[in-house]
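Presented below is the structure to which this report refers.
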Amino acid sequence: MVSSDRLFNRERTLHEILGAGLVADLILWRQKNITVGILLVTLAAWIVFEKSGYTLLSLVSNVLLLLIVILFLWAKSAAILNRPAPPLPHLHLSEEMVNEVATFIRIRVNDVFSVSQDIALGKNSRLFLKVASCLWLISFVGGLTDFLTLAYTSLFIVLTVPALYERYEDKIDRHVLKCYRKLCQLYVKINEEYVSRVQHYILEKQKVS
């Protein structure tokens, strides 16, 4: 399919648009075992939170408590029985890593501050409308469901819709472009039959007055 027959006249493949890396491979099911594992783990987590009454804080606390107790008893019994201690990796954050993370966060926060200032001072009306629309959409969706369900649903959509689109790309593009052309024709027809008449009527009224 040539680029003119694709949505947005794009020339790159969907895999290239998504970065052509590990994330793209996961989203497009190039590594099926990992993608299926992510879906199953997140589904299990969603079920645990929804059905058991656990909150994220209580679940994390209980898991950490269980882990610490196991490691503590393992280490004590190993010392008594002259066995090797539990194999723990050396956890250490380098100064370079911390500086990189801090720099990344600082740049992103400054970008948010800059955008917020432009919106607050009325410098960018289009950006204001985009941000306001996004916030309203988030508020509307948040009123329909809880955060965990929304997060799992979003992850499910991200890991299924692009893969289905890539599989049936030609058919989807053909039908969407066909509908788009029909909408354009309908717009032209409505503009010629109604909008033009209204504009002509307004001009005639202005001439008379």
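Residue numbering restarts at 1 in every chain; chains get A, B, ... in the order shown in the structure tokens, and ligands count up from 1 in that same order.
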
Write out as a Markdown table the residues of segment 32-112 of chain A that have any atom within 12 Å of an atom of segment 116-137 of chain A, one row each with the nearest atom pair and its distance in Å to one decimal, counting only C-alpha atoms, sorted by chain and then rising number.
| residue | atom | partner | partner_atom | distance |
| --- | --- | --- | --- | --- |
| A:Val109 | CA | A:Ser116 | CA | 10.4 |
| A:Asn110 | CA | A:Ser116 | CA | 9.7 |
| A:Asp111 | CA | A:Ser116 | CA | 8.5 |
| A:Val112 | CA | A:Ser116 | CA | 6.0 |

Store the residues picked out above, limited to C-alpha atoms, as an mmCIF file, in the first residue's frame.
data_model
loop_
_atom_site.group_PDB
_atom_site.id
_atom_site.type_symbol
_atom_site.label_atom_id
_atom_site.label_comp_id
_atom_site.auth_asym_id
_atom_site.auth_seq_id
_atom_site.Cartn_x
_atom_site.Cartn_y
_atom_site.Cartn_z
ATOM 1 C CA VAL A 109 8.724 20.100 35.594
ATOM 2 C CA ASN A 110 10.039 23.337 34.040
ATOM 3 C CA ASP A 111 8.217 22.481 30.807
ATOM 4 C CA VAL A 112 4.984 22.025 32.761
#

Name the residues of segment 46-156 of chain A that come out as helix (DSSP H, G or I) in a backbone DSSP run; write them as a PyMOL selection string.
chain A and resi 46-52+56-80+95-120+125-144+147-156

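Atom pair atom CA of Leu164 of chain A / atom CA of Thr149 of chain A: separated by 21.9 Å.
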
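Excluding Pro87 of chain A itself and same-chain residues fewer than 6 positions from it, the residues having an atom within 12 Å of it are A:Leu71, A:Trp74, A:Ala75, A:Ala78, counting only C-alpha atoms.
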
Dump as a PDB file, in the first residue's frame, selection limited to N, CA, C and O atoms:
ATOM      1  N   LEU A  71      13.620 -13.530  54.540  1.00  0.00           N
ATOM      2  CA  LEU A  71      15.063 -13.305  54.445  1.00  0.00           C
ATOM      3  C   LEU A  71      15.717 -13.318  55.828  1.00  0.00           C
ATOM      4  O   LEU A  71      16.835 -13.838  55.993  1.00  0.00           O
ATOM      5  N   TRP A  74      15.827 -16.911  57.020  1.00  0.00           N
ATOM      6  CA  TRP A  74      16.803 -17.617  56.181  1.00  0.00           C
ATOM      7  C   TRP A  74      18.220 -17.310  56.658  1.00  0.00           C
ATOM      8  O   TRP A  74      19.060 -18.209  56.805  1.00  0.00           O
ATOM      9  N   ALA A  75      18.512 -16.012  56.880  1.00  0.00           N
ATOM     10  CA  ALA A  75      19.852 -15.619  57.301  1.00  0.00           C
ATOM     11  C   ALA A  75      20.183 -16.197  58.680  1.00  0.00           C
ATOM     12  O   ALA A  75      21.309 -16.673  58.917  1.00  0.00           O
ATOM     13  N   ALA A  78      20.711 -19.958  58.383  1.00  0.00           N
ATOM     14  CA  ALA A  78      21.957 -20.218  57.665  1.00  0.00           C
ATOM     15  C   ALA A  78      23.158 -20.048  58.579  1.00  0.00           C
ATOM     16  O   ALA A  78      24.134 -20.817  58.503  1.00  0.00           O
TER      17      ALA A  78
END

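Taking atom CA of Leu148 of chain A and atom CA of Trp46 of chain A as the two end points, the separation is 6.7 Å.
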
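Note that atom CA of Ser58 of chain A and atom CA of Leu93 of chain A are 26.4 Å apart.
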
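Of the listed residues A:Leu28, A:Val48, A:Cys184, A:Ala20, the one whose atoms come nearest to Arg167 of chain A is A:Leu28, with distances taken using only C-alpha atoms.
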
Quick one: which segment 132-157 of chain A residues come within 9 Å of segment 34-42 of chain A, and what is the nearest atom pair for each with the distance in Å to one decimal, counting only C-alpha atoms, rows ordered by chain and ascending number, as JSON lines?
{"residue": "A:Tyr152", "atom": "CA", "partner": "A:Thr42", "partner_atom": "CA", "distance": 6.7}
{"residue": "A:Leu155", "atom": "CA", "partner": "A:Leu39", "partner_atom": "CA", "distance": 8.0}
{"residue": "A:Phe156", "atom": "CA", "partner": "A:Leu39", "partner_atom": "CA", "distance": 7.0}

Mind dumping the selected residues with N, CA, C and O atoms as a short mmCIF file (atom, residue, chain, number, x, y, z; two decimals), in the first residue's frame?
data_model
loop_
_atom_site.label_atom_id
_atom_site.label_comp_id
_atom_site.auth_asym_id
_atom_site.auth_seq_id
_atom_site.Cartn_x
_atom_site.Cartn_y
_atom_site.Cartn_z
N TYR A 152 -5.88 -0.68 34.06
CA TYR A 152 -5.83 -1.98 33.40
C TYR A 152 -6.48 -1.92 32.02
O TYR A 152 -5.97 -2.49 31.06
N LEU A 155 -4.08 -0.24 29.65
CA LEU A 155 -2.99 -1.15 29.29
C LEU A 155 -3.48 -2.21 28.31
O LEU A 155 -2.78 -2.54 27.33
N PHE A 156 -4.68 -2.74 28.54
CA PHE A 156 -5.24 -3.74 27.64
C PHE A 156 -5.43 -3.17 26.23
O PHE A 156 -5.11 -3.83 25.23
#
